[in-house]
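Next up, final07.txt (compact mmCIF, C-alpha atoms):
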```
# COMPACT_ATOMS: atom_id res chain seq x y z
CA MET A 1 1.87 -12.90 21.65
CA PRO A 2 3.86 -9.65 21.40
CA SER A 3 2.18 -6.85 23.33
CA SER A 4 2.05 -4.77 20.13
CA LEU A 5 -0.50 -7.23 18.74
CA THR A 6 -2.68 -7.51 21.81
CA LEU A 7 -4.61 -4.29 21.26
CA PHE A 8 -5.37 -5.04 17.60
CA LYS A 9 -6.29 -8.65 18.40
CA ARG A 10 -8.67 -7.47 21.12
CA LEU A 11 -10.25 -4.87 18.83
CA GLU A 12 -11.07 -7.48 16.16
CA LYS A 13 -14.28 -8.32 17.99
CA ALA A 14 -15.03 -4.84 19.35
CA ALA A 15 -18.35 -3.27 18.38
CA PRO A 16 -18.44 -0.60 15.65
CA ARG A 17 -17.79 2.88 17.05
CA THR A 18 -15.55 1.53 19.87
CA ARG A 19 -12.94 4.23 20.61
CA THR A 20 -9.22 3.87 21.38
CA ALA A 21 -7.02 6.78 22.51
CA LEU A 22 -4.42 7.85 19.96
CA GLU A 23 -1.45 7.33 22.31
CA ASP A 24 -2.52 3.74 23.03
CA LEU A 25 -2.88 3.09 19.33
CA LEU A 26 0.48 4.65 18.45
CA ASP A 27 2.10 2.56 21.20
CA ALA A 28 0.58 -0.61 19.74
CA ILE A 29 1.60 -0.07 16.10
CA PRO A 30 4.36 -2.56 15.15
CA TRP A 31 6.69 0.10 13.66
CA ASN A 32 9.41 -1.52 11.55
CA GLU A 33 13.09 -1.54 12.54
CA ASP A 34 13.41 2.03 11.24
CA GLY A 35 10.34 3.18 13.19
CA LEU A 36 8.21 3.40 10.04
CA ILE A 37 4.89 2.17 8.70
CA PRO A 38 3.79 2.12 5.03
CA ALA A 39 1.02 4.55 4.04
CA ILE A 40 -1.11 4.13 0.91
CA ALA A 41 -2.62 7.33 -0.54
CA GLN A 42 -5.97 7.03 -2.34
CA GLN A 43 -7.74 9.92 -4.07
CA HIS A 44 -11.09 10.44 -2.30
CA ASP A 45 -13.34 10.99 -5.32
CA THR A 46 -11.89 8.85 -8.13
CA LYS A 47 -10.68 6.19 -5.64
CA ASP A 48 -7.46 5.88 -7.68
CA VAL A 49 -4.51 4.59 -5.65
CA LEU A 50 -1.90 7.33 -6.08
CA MET A 51 1.26 6.23 -4.26
CA MET A 52 2.74 4.51 -1.24
CA ALA A 53 5.25 6.12 1.11
CA TRP A 54 6.34 5.80 4.76
CA MET A 55 5.52 7.56 8.03
CA ASN A 56 7.05 7.58 11.47
CA ARG A 57 5.09 8.32 14.64
CA THR A 58 5.65 12.08 14.46
CA ALA A 59 4.70 12.29 10.78
CA LEU A 60 1.47 10.40 11.45
CA GLN A 61 0.60 12.62 14.42
CA GLU A 62 1.28 15.79 12.42
CA THR A 63 -0.79 14.48 9.50
CA LEU A 64 -3.77 13.77 11.74
CA GLU A 65 -3.49 17.16 13.43
CA LYS A 66 -2.93 19.36 10.38
CA MET A 67 -4.91 17.25 7.87
CA ARG A 68 -2.04 17.73 5.44
CA VAL A 69 -0.02 14.62 4.62
CA CYS A 70 3.53 14.46 5.99
CA TYR A 71 5.66 11.40 5.20
CA TRP A 72 9.16 10.37 6.30
CA SER A 73 11.48 10.32 3.30
CA ARG A 74 13.70 7.24 3.56
CA SER A 75 16.04 8.47 0.81
CA ARG A 76 16.47 11.95 2.30
CA GLN A 77 16.06 10.88 5.97
CA ARG A 78 13.80 13.81 6.79
CA PHE A 79 10.14 14.80 6.99
CA TRP A 80 8.53 15.17 3.60
CA ARG A 81 5.47 17.39 3.59
CA LYS A 82 4.03 16.28 0.25
CA GLY A 83 3.99 19.27 -2.10
CA GLU A 84 6.60 21.32 -0.21
CA SER A 85 8.78 21.62 -3.34
CA SER A 86 6.25 20.83 -6.12
CA GLY A 87 3.22 22.65 -4.70
CA GLN A 88 1.22 19.43 -5.21
CA VAL A 89 -0.12 19.15 -1.65
CA GLN A 90 -2.03 16.14 -0.31
CA TRP A 91 -4.87 17.18 1.96
CA LEU A 92 -6.10 14.46 4.27
CA LYS A 93 -9.80 13.56 4.20
CA GLU A 94 -9.77 10.29 6.21
CA ALA A 95 -7.15 7.93 7.62
CA TYR A 96 -7.40 4.22 8.39
CA LEU A 97 -5.16 1.61 9.98
CA ASP A 98 -5.49 -2.05 9.05
CA CYS A 99 -6.49 -5.06 11.16
CA ASP A 100 -3.02 -5.83 12.50
CA GLY A 101 -1.94 -2.20 12.69
CA ASP A 102 0.93 -2.36 10.22
CA THR A 103 -0.39 -0.39 7.20
CA LEU A 104 -2.09 3.00 6.82
CA LEU A 105 -4.64 3.98 4.18
CA LEU A 106 -4.92 7.74 3.63
CA ILE A 107 -7.95 9.08 1.77
CA VAL A 108 -6.65 12.32 0.30
CA ASP A 109 -7.42 15.24 -1.96
CA GLN A 110 -4.30 15.38 -4.12
CA GLN A 111 -3.55 18.74 -5.73
CA GLY A 112 -2.19 18.05 -9.23
CA PRO A 113 -0.13 14.95 -10.03
CA ALA A 114 0.96 12.74 -7.13
CA CYS A 115 3.92 11.29 -9.04
CA HIS A 116 7.25 13.08 -9.44
CA THR A 117 7.11 12.17 -13.15
CA GLY A 118 4.05 14.43 -13.57
CA ARG A 119 1.58 11.53 -13.67
CA LYS A 120 -1.59 11.44 -11.58
CA SER A 121 -0.55 8.11 -10.01
CA CYS A 122 2.82 6.45 -9.43
CA PHE A 123 1.48 3.08 -10.64
CA TYR A 124 2.10 3.26 -14.38
CA HIS A 125 4.12 0.11 -15.14
CA GLN A 126 1.45 -2.42 -16.10
CA LEU A 127 2.67 -5.99 -15.61
CA ASP A 128 1.79 -9.23 -17.35
CA SER A 129 3.39 -12.67 -17.37
CA GLU A 130 5.93 -11.62 -20.03
CA GLY A 131 6.81 -8.05 -19.12
CA ALA A 132 5.73 -4.51 -18.41
CA THR A 133 4.11 -1.76 -20.45
CA ILE A 134 4.17 1.98 -19.75
CA ALA A 135 0.45 2.55 -19.20
CA SER A 136 0.22 6.35 -19.01
CA ALA A 137 1.94 9.55 -20.07
CA PRO A 138 2.66 12.48 -17.72
CA ASP A 139 -0.12 15.07 -17.41
CA MET A 140 2.49 17.71 -16.65
CA ASP A 141 6.19 18.20 -17.39
CA PRO A 142 8.13 17.45 -14.17
CA GLU A 143 10.19 20.60 -14.88
CA MET A 144 6.97 22.57 -14.30
CA LEU A 145 6.78 20.98 -10.85
CA TYR A 146 10.41 21.10 -9.75
CA GLY A 147 12.19 23.39 -12.19
CA ALA A 148 14.81 22.27 -14.72
CA PRO A 149 17.57 19.98 -13.43
CA SER A 150 20.50 22.10 -12.27
CA SER A 151 23.20 19.92 -13.82
CA MET B 152 22.91 5.74 -8.70
CA PRO B 153 22.30 2.07 -7.80
CA SER B 154 21.81 -0.09 -10.90
CA SER B 155 18.40 -1.11 -9.53
CA LEU B 156 17.19 2.45 -10.13
CA THR B 157 18.59 2.91 -13.60
CA LEU B 158 15.86 1.03 -15.46
CA PHE B 159 13.03 2.84 -13.67
CA LYS B 160 14.73 6.22 -14.06
CA ARG B 161 15.16 5.61 -17.79
CA LEU B 162 11.53 4.51 -18.18
CA GLU B 163 10.22 7.74 -16.61
CA LYS B 164 10.44 9.44 -19.99
CA ALA B 165 9.62 6.40 -22.14
CA ALA B 166 6.61 6.65 -24.45
CA PRO B 167 3.34 4.95 -23.45
CA ARG B 168 3.23 1.31 -24.57
CA THR B 169 7.03 0.93 -24.27
CA ARG B 170 7.69 -2.72 -23.32
CA THR B 171 10.24 -4.16 -20.87
CA ALA B 172 10.90 -7.91 -20.52
CA LEU B 173 9.76 -9.41 -17.21
CA GLU B 174 13.21 -10.75 -16.26
CA ASP B 175 14.77 -7.29 -16.70
CA LEU B 176 12.05 -5.74 -14.60
CA LEU B 177 12.34 -8.37 -11.85
CA ASP B 178 16.12 -7.84 -11.81
CA ALA B 179 15.62 -4.08 -11.38
CA ILE B 180 13.10 -4.18 -8.51
CA PRO B 181 14.78 -2.98 -5.28
CA TRP B 182 13.62 -5.98 -3.20
CA ASN B 183 14.01 -5.27 0.52
CA GLU B 184 16.56 -7.03 2.75
CA ASP B 185 14.18 -10.02 2.98
CA GLY B 186 13.70 -10.14 -0.80
CA LEU B 187 10.18 -8.73 -0.57
CA ILE B 188 8.06 -5.92 -2.03
CA PRO B 189 4.77 -4.60 -0.62
CA ALA B 190 1.63 -5.32 -2.67
CA ILE B 191 -1.62 -3.35 -2.31
CA ALA B 192 -4.83 -5.17 -3.29
CA GLN B 193 -7.68 -3.07 -4.69
CA GLN B 194 -11.10 -4.47 -5.64
CA HIS B 195 -11.58 -3.90 -9.38
CA ASP B 196 -15.22 -2.74 -9.41
CA THR B 197 -15.75 -0.87 -6.12
CA LYS B 198 -12.12 0.40 -6.12
CA ASP B 199 -11.98 -0.25 -2.35
CA VAL B 200 -8.46 -0.84 -1.04
CA LEU B 201 -8.71 -4.26 0.61
CA MET B 202 -5.34 -5.06 2.17
CA MET B 203 -1.58 -4.86 1.85
CA ALA B 204 0.76 -7.86 1.99
CA TRP B 205 4.20 -8.87 0.68
CA MET B 206 5.55 -10.77 -2.31
CA ASN B 207 8.91 -12.21 -3.24
CA ARG B 208 10.06 -12.72 -6.83
CA THR B 209 8.59 -16.21 -7.12
CA ALA B 210 5.24 -15.16 -5.65
CA LEU B 211 5.00 -12.28 -8.12
CA GLN B 212 5.89 -14.50 -11.08
CA GLU B 213 3.34 -17.12 -10.03
CA THR B 214 0.67 -14.45 -9.56
CA LEU B 215 1.24 -13.04 -13.05
CA GLU B 216 1.22 -16.52 -14.61
CA LYS B 217 -1.78 -18.00 -12.80
CA MET B 218 -3.75 -14.75 -12.34
CA ARG B 219 -4.43 -15.88 -8.75
CA VAL B 220 -2.74 -13.82 -6.04
CA CYS B 221 0.08 -15.51 -4.13
CA TYR B 222 1.81 -13.57 -1.33
CA TRP B 223 4.78 -14.41 0.89
CA SER B 224 3.63 -14.69 4.50
CA ARG B 225 6.21 -13.00 6.72
CA SER B 226 4.73 -14.49 9.91
CA ARG B 227 4.58 -18.05 8.56
CA GLN B 228 7.63 -17.73 6.25
CA ARG B 229 5.92 -19.53 3.38
CA PHE B 230 3.88 -18.86 0.25
CA TRP B 231 0.35 -17.75 0.98
CA ARG B 232 -2.09 -18.38 -1.84
CA LYS B 233 -4.84 -16.06 -0.67
CA GLY B 234 -7.94 -18.13 0.07
CA GLU B 235 -6.12 -21.46 0.48
CA SER B 236 -7.58 -21.95 3.96
CA SER B 237 -10.57 -19.57 3.88
CA GLY B 238 -11.74 -20.17 0.30
CA GLN B 239 -11.70 -16.38 -0.20
CA VAL B 240 -9.52 -16.36 -3.32
CA GLN B 241 -8.13 -13.18 -4.91
CA TRP B 242 -8.23 -13.40 -8.70
CA LEU B 243 -5.87 -11.00 -10.43
CA LYS B 244 -7.35 -8.62 -13.02
CA GLU B 245 -4.39 -6.21 -13.50
CA ALA B 246 -1.03 -5.57 -11.83
CA TYR B 247 1.04 -2.38 -11.68
CA LEU B 248 4.45 -1.41 -10.34
CA ASP B 249 5.15 2.15 -9.22
CA CYS B 250 7.57 4.73 -10.61
CA ASP B 251 10.60 3.62 -8.59
CA GLY B 252 9.70 -0.05 -8.69
CA ASP B 253 9.27 -0.60 -4.96
CA THR B 254 5.49 -1.09 -4.57
CA LEU B 255 2.92 -3.24 -6.39
CA LEU B 256 -0.75 -2.42 -6.96
CA LEU B 257 -2.92 -5.47 -7.67
CA ILE B 258 -6.37 -4.93 -9.16
CA VAL B 259 -8.26 -8.01 -7.98
CA ASP B 260 -11.59 -9.74 -7.86
CA GLN B 261 -11.81 -10.72 -4.20
CA GLN B 262 -14.12 -13.63 -3.39
CA GLY B 263 -15.84 -12.85 -0.07
CA PRO B 264 -14.14 -10.82 2.67
CA ALA B 265 -10.44 -9.99 2.23
CA CYS B 266 -9.85 -9.57 5.97
CA HIS B 267 -9.32 -12.47 8.37
CA THR B 268 -11.84 -10.79 10.72
CA GLY B 269 -14.60 -11.37 8.13
CA ARG B 270 -14.63 -7.76 6.94
CA LYS B 271 -14.51 -6.79 3.27
CA SER B 272 -11.39 -4.67 3.83
CA CYS B 273 -8.62 -4.78 6.44
CA PHE B 274 -8.74 -0.98 6.90
CA TYR B 275 -11.38 -0.59 9.59
CA HIS B 276 -9.63 1.48 12.29
CA GLN B 277 -10.57 5.05 11.40
CA LEU B 278 -8.07 7.55 12.83
CA ASP B 279 -8.44 11.14 13.92
CA SER B 280 -6.21 13.47 15.92
CA GLU B 281 -7.46 12.05 19.23
CA GLY B 282 -7.86 8.35 18.57
CA ALA B 283 -9.36 5.55 16.52
CA THR B 284 -12.90 4.30 15.91
CA ILE B 285 -13.93 0.85 14.71
CA ALA B 286 -15.54 1.80 11.41
CA SER B 287 -17.14 -1.45 10.27
CA ALA B 288 -18.47 -4.77 11.52
CA PRO B 289 -17.60 -8.16 10.01
CA ASP B 290 -19.82 -9.30 7.14
CA MET B 291 -19.11 -12.89 8.08
CA ASP B 292 -18.10 -14.75 11.24
CA PRO B 293 -14.38 -15.63 10.94
CA GLU B 294 -15.27 -19.10 12.25
CA MET B 295 -17.22 -19.58 9.02
CA LEU B 296 -13.98 -18.88 7.13
CA TYR B 297 -11.44 -20.77 9.20
CA GLY B 298 -13.44 -23.00 11.57
CA ALA B 299 -13.63 -22.57 15.34
CA PRO B 300 -10.34 -22.00 17.17
CA SER B 301 -8.90 -25.35 18.25
CA SER B 302 -7.84 -24.25 21.74
```

Output the file's structure in the form of structure tokens.
Amino acid sequence: MPSSLTLFKRLEKAAPRTRTALEDLLDAIPWNEDGLIPAIAQQHDTKDVLMMAWMNRTALQETLEKMRVCYWSRSRQRFWRKGESSGQVQWLKEAYLDCDGDTLLLIVDQQGPACHTGRKSCFYHQLDSEGATIASAPDMDPEMLYGAPSS
Amino acid sequence: MPSSLTLFKRLEKAAPRTRTALEDLLDAIPWNEDGLIPAIAQQHDTKDVLMMAWMNRTALQETLEKMRVCYWSRSRQRFWRKGESSGQVQWLKEAYLDCDGDTLLLIVDQQGPACHTGRKSCFYHQLDSEGATIASAPDMDPEMLYGAPSS
């Protein structure tokens, strides 16, 4: 068994309220080949799932310290403090890691739309066995969030 | 811009109820290097996020056709029809793809616990800036789900 799984395997039968130090936990997370873990953001009051993005170890530590969500942008290869250009900040309320330590669930208070299209949630393509339907319209014009495209 | 992004970029400004054929959508999904996409499962009535796992194209098609969730198990390298060994089936209610087509959100009716530890949800390690706390106990003994370990 890889050592990265040992901690999570052991904790499966641990009593509720058992504590683990953050460094030990961060050492045990099976970060992917790019050093990342997926993070799901869920709005704390409506319980809507807003988006999924990625974090590295530093982004996760910063998020837990500042209670403001910081992702790692794979496309831009830099830290992405949600809302830094749009103003639509994600404040962290609670954070969870799953049973085998490879996915994060962030309970957040999202200011304005989470999606760059101006929609509340990024999940707006509804699928069925024959195709997909656009299930929602933007609440806000993306140009209000980011300004007009420069080209 | 990679062709895989063109469809999703174009659909950002499409009117609600715009339809796309399933084959076109499946062709446009930016499957990862293993041909997979992450899929978040959310319980339809409580809105609890239960787990995250992975799907390939065939698993997604089967799931949409049969309305029973089928993942691709990365550890076992085979299809994983949730509940096939535990009986804890995930019935699909609705499925969504996100704005850039790289994450699925499945709205499900989960029979029994989603987590292999016997918990309702896999997200039971609650994080803070100093460490993690086990936030819930199993509702069911995993041996009831899978039988006693054979070793």

Legend entry - Best match for closeness to chain A among B:Leu243, B:Val220, B:Met206, B:Leu278, counting all atoms listed in the file: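 Of B:Leu243, B:Val220, B:Met206, B:Leu278, the one nearest chain A, counting all atoms listed in the file, is B:Leu278.
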
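By all atoms listed in the file, and with residues fewer than 2 positions from A:Phe79 along its chain excluded, the set lying at most 10 Å from it is Met55, Asn56, Thr58, Ala59, Cys70, Tyr71, Trp72, Ser73, Arg74, Arg76, Gln77, Arg81 and Lys82 of chain A.
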
Inset, instruction - Select residues of chain A: the criterion is any atom within 8 Å of an atom of chain B, counting only C-alpha atoms; output as a PyMOL selection string. - result: chain A and resi 11-12+14-23+25+47-48+51-52+61+64-65+94-99+103-105+115+117+122-137

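For A:Asp109, the list of residues within 9 Å, based on all atoms listed in the file and with local chain neighbours fewer than 3 positions off taken out, reads Gln42, Gln43, His44, Asp45, Val89, Gln90, Trp91, Leu92 and Lys93 of chain A.
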
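The interatomic distance for the pair atom CA of A:Asp141 and atom CA of A:Pro113 works out to 10.2 Å.
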
Inset, instruction - Figure out the distance between atom CA of A:Gly147 and atom CA of A:Gln111, please, to one decimal in Å. - result: 17.6 Å
